[in-house]
Amino acid sequence: MEERPSMLDVTQLSDDSVQTYADVVARTAEAMARPDLELAAALLSPFAGERWNGTLRLFTGSRAPSGERVSRRVPDPTRARVFMRDRFRCTYCGGRVVPRCILVAMSDVFPDALAYHPNYARGRIHPVYWALAPEADHVLAHRGGGTSTEDNLTTLHTMCNARKADAPRDALPAPDRILDAEPWDGLVSLYRRVVAAGEGSARHHSAAYHLAWMRHLEV
Ligand SMILES: [Zn+2]
């Protein structure tokens, strides 16, 4: 079947979309935590059903100087510590991030309104995953010999990780700008209750996945 763009296809994301999505996701998660799923669905409705159909691609690996493909995979507990240290802010744009596990817990309850695909397949995932979910990115590139320890990792939105690939390092915002930003906990304080709201729904991930991430995020 031929792919045709629909009204709900999203192909561009800006810093503004980070703000907009973060506001909507925060209010929706609060409603889910009550739990008031009817209110949550209403809050989500302006963005319900959107699908990412842009050109961003997930980085899943890189090439070593030898040309050999190497994994850039950072262990989950390390990623969680990096996000907490950076106070759930993207160090590229300064915007709020929401750990992917929390967005997944919301997609468990609203699988069509907030579609999730583990490989971020085009047309099958809500753009909120690109806009808000963070990556733990290597400051000194892995292929340049950088290690996967916390001091060589920084929090970046998935989309900013893709955007900054060619940007010079001095394009990064000053750390002060990030530290001065209003407090934000990445919605981790709501995570446990959001997962509880999805009890009985068909989950993308097992309960064990969420339990592990709750432990990593210390909630
Ligand atoms: Zn960002």
# chains A, B, ... in the order shown; residues from 1 in each chain; ligands from 1
>>> residues_near_ligand(ligand="ligand 1", cutoff="6 Å", atoms="only C-alpha atoms and all ligand atoms", output="tab-separated table (two decimals) with all heavy atoms, in the first residue's frame")
chain	number	residue	atom	x	y	z
A	90	CYS	N	18.02	18.78	28.67
A	90	CYS	CA	18.88	18.54	27.52
A	90	CYS	C	20.01	19.57	27.54
A	90	CYS	O	19.75	20.77	27.66
A	90	CYS	CB	18.06	18.70	26.25
A	90	CYS	SG	19.01	18.68	24.72
A	92	TYR	N	21.86	20.41	25.17
A	92	TYR	CA	21.98	21.08	23.87
A	92	TYR	C	21.03	22.26	23.78
A	92	TYR	O	21.43	23.37	23.44
A	92	TYR	CB	21.72	20.10	22.73
A	92	TYR	CG	21.91	20.67	21.35
A	92	TYR	CD1	23.18	20.92	20.86
A	92	TYR	CD2	20.82	20.97	20.55
A	92	TYR	CE1	23.36	21.45	19.59
A	92	TYR	CE2	20.98	21.50	19.29
A	92	TYR	CZ	22.26	21.74	18.80
A	92	TYR	OH	22.43	22.27	17.55
A	93	CYS	N	19.74	22.04	24.11
A	93	CYS	CA	18.74	23.11	23.97
A	93	CYS	C	18.27	23.63	25.32
A	93	CYS	O	17.58	24.65	25.38
A	93	CYS	CB	17.54	22.63	23.14
A	93	CYS	SG	16.45	21.49	24.00
A	95	GLY	N	16.10	22.33	27.21
A	95	GLY	CA	14.69	21.97	27.43
A	95	GLY	C	14.52	20.75	28.33
A	95	GLY	O	15.45	19.99	28.58
A	156	LEU	N	20.93	14.46	26.20
A	156	LEU	CA	20.44	15.15	25.01
A	156	LEU	C	19.09	14.57	24.61
A	156	LEU	O	18.91	13.35	24.65
A	156	LEU	CB	21.39	14.97	23.81
A	156	LEU	CG	22.79	15.58	23.85
A	156	LEU	CD1	23.48	15.32	22.53
A	156	LEU	CD2	22.72	17.08	24.11
A	157	HIS	N	18.16	15.45	24.19
A	157	HIS	CA	16.95	14.95	23.55
A	157	HIS	C	17.37	14.06	22.39
A	157	HIS	O	18.39	14.32	21.73
A	157	HIS	CB	16.12	16.11	22.98
A	157	HIS	CG	15.42	16.94	24.00
A	157	HIS	ND1	15.61	18.30	24.10
A	157	HIS	CD2	14.53	16.60	24.98
A	157	HIS	CE1	14.85	18.76	25.09
A	157	HIS	NE2	14.19	17.76	25.63
A	160	CYS	N	17.78	16.28	19.51
A	160	CYS	CA	18.95	17.16	19.61
A	160	CYS	C	20.22	16.35	19.36
A	160	CYS	O	21.19	16.86	18.80
A	160	CYS	CB	18.99	17.85	20.96
A	160	CYS	SG	17.68	19.08	21.14
>>> residues_around(residues="A:Ser189", least_positions_apart="4", cutoff="10 Å", atoms="only C-alpha atoms", output="PyMOL selection string")
chain A and resi 30+33+185+193-194+214+217-219
>>> write_last_selection(atoms="C-alpha atoms", output="JSON list (two decimals), in the first residue's frame")
[["chain", "number", "residue", "atom", "x", "y", "z"],
["A", 30, "GLU", "CA", -0.60, 14.11, 36.43],
["A", 33, "ALA", "CA", -1.48, 9.48, 38.35],
["A", 185, "ASP", "CA", 12.15, 16.07, 37.76],
["A", 193, "ARG", "CA", 1.46, 5.88, 39.58],
["A", 194, "VAL", "CA", 1.43, 6.21, 35.78],
["A", 214, "MET", "CA", 12.00, 2.64, 38.71],
["A", 217, "LEU", "CA", 15.60, 6.33, 38.60],
["A", 218, "GLU", "CA", 15.36, 5.79, 42.37],
["A", 219, "VAL", "CA", 11.58, 6.10, 42.65]]
>>> closest_residue(among="A:Leu140, A:Val24, A:Val10, A:Ala131", to="A:Asn53", atoms="only C-alpha atoms")
A:Val10
>>> select_by_dssp(residues="stretch 57-140 of chain A", states="strand (DSSP E)", output="list in words")
Gly61, Ser62, Arg63, Arg69, Val70, Ser71, Pro134, Glu135, Ala136, Asp137 and His138 of chain A
>>> write_last_selection(atoms="N, CA, C and O atoms", output="compact mmCIF listing (two decimals), in the first residue's frame")
# COMPACT_ATOMS: atom_id res chain seq x y z
N GLY A 61 24.67 3.00 16.37
CA GLY A 61 26.05 2.53 16.38
C GLY A 61 26.95 3.54 15.73
O GLY A 61 26.50 4.57 15.25
N SER A 62 28.22 3.31 15.73
CA SER A 62 29.16 4.21 15.06
C SER A 62 30.32 3.37 14.55
O SER A 62 30.42 2.19 14.85
N ARG A 63 31.19 4.03 13.78
CA ARG A 63 32.32 3.29 13.23
C ARG A 63 33.60 3.62 13.97
O ARG A 63 33.91 4.78 14.20
N ARG A 69 32.16 -1.55 13.00
CA ARG A 69 31.00 -0.97 13.69
C ARG A 69 31.06 -1.31 15.16
O ARG A 69 31.27 -2.45 15.52
N VAL A 70 30.90 -0.30 16.00
CA VAL A 70 30.95 -0.54 17.45
C VAL A 70 29.64 -0.08 18.08
O VAL A 70 29.00 0.86 17.60
N SER A 71 29.26 -0.74 19.14
CA SER A 71 28.04 -0.38 19.84
C SER A 71 28.27 0.87 20.68
O SER A 71 29.31 1.02 21.30
N PRO A 134 15.26 11.38 26.35
CA PRO A 134 16.69 11.70 26.30
C PRO A 134 17.56 10.51 25.90
O PRO A 134 17.20 9.36 26.09
N GLU A 135 18.73 10.85 25.36
CA GLU A 135 19.81 9.90 25.15
C GLU A 135 20.96 10.31 26.06
O GLU A 135 21.10 11.48 26.38
N ALA A 136 21.78 9.34 26.45
CA ALA A 136 23.03 9.67 27.12
C ALA A 136 24.10 9.67 26.04
O ALA A 136 24.52 8.62 25.56
N ASP A 137 24.50 10.88 25.61
CA ASP A 137 25.39 11.02 24.46
C ASP A 137 26.84 11.18 24.91
O ASP A 137 27.12 11.77 25.94
N HIS A 138 27.74 10.64 24.09
CA HIS A 138 29.16 10.77 24.40
C HIS A 138 29.66 12.17 24.10
O HIS A 138 29.46 12.69 23.00
>>> closest_residue(among="A:Tyr209, A:Phe83, A:Tyr191, A:Tyr116", to="A:Arg51", atoms="only C-alpha atoms")
A:Tyr116
>>> select_by_dssp(residues="stretch 40-214 of chain A", states="helix (DSSP H, G or I)", output="JSON, numbers by chain")
{"A": [40, 41, 42, 43, 44, 45, 46, 47, 76, 77, 78, 79, 80, 81, 82, 83, 84, 85, 100, 101, 102, 103, 104, 105, 106, 107, 108, 109, 128, 129, 130, 131, 132, 142, 143, 144, 150, 151, 152, 158, 159, 160, 161, 162, 163, 164, 165, 166, 169, 170, 171, 175, 176, 177, 178, 179, 180, 188, 189, 190, 191, 192, 193, 194, 195, 196, 197, 207, 208, 209, 210, 211, 212, 213, 214]}
>>> atom_distance(atom1="atom CA of A:Cys101", atom2="atom CA of A:Ala31")
17.6 Å
>>> closest_residue(among="A:Ala212, A:Leu103, A:Leu153, A:Leu132", to="A:Gly198", atoms="only C-alpha atoms")
A:Leu103
>>> residues_around(residues="A:Gly123", least_positions_apart="4", cutoff="12 Å", atoms="only C-alpha atoms", output="PyMOL selection string")
chain A and resi 3-6+8-11+49-56+115-117+119+127
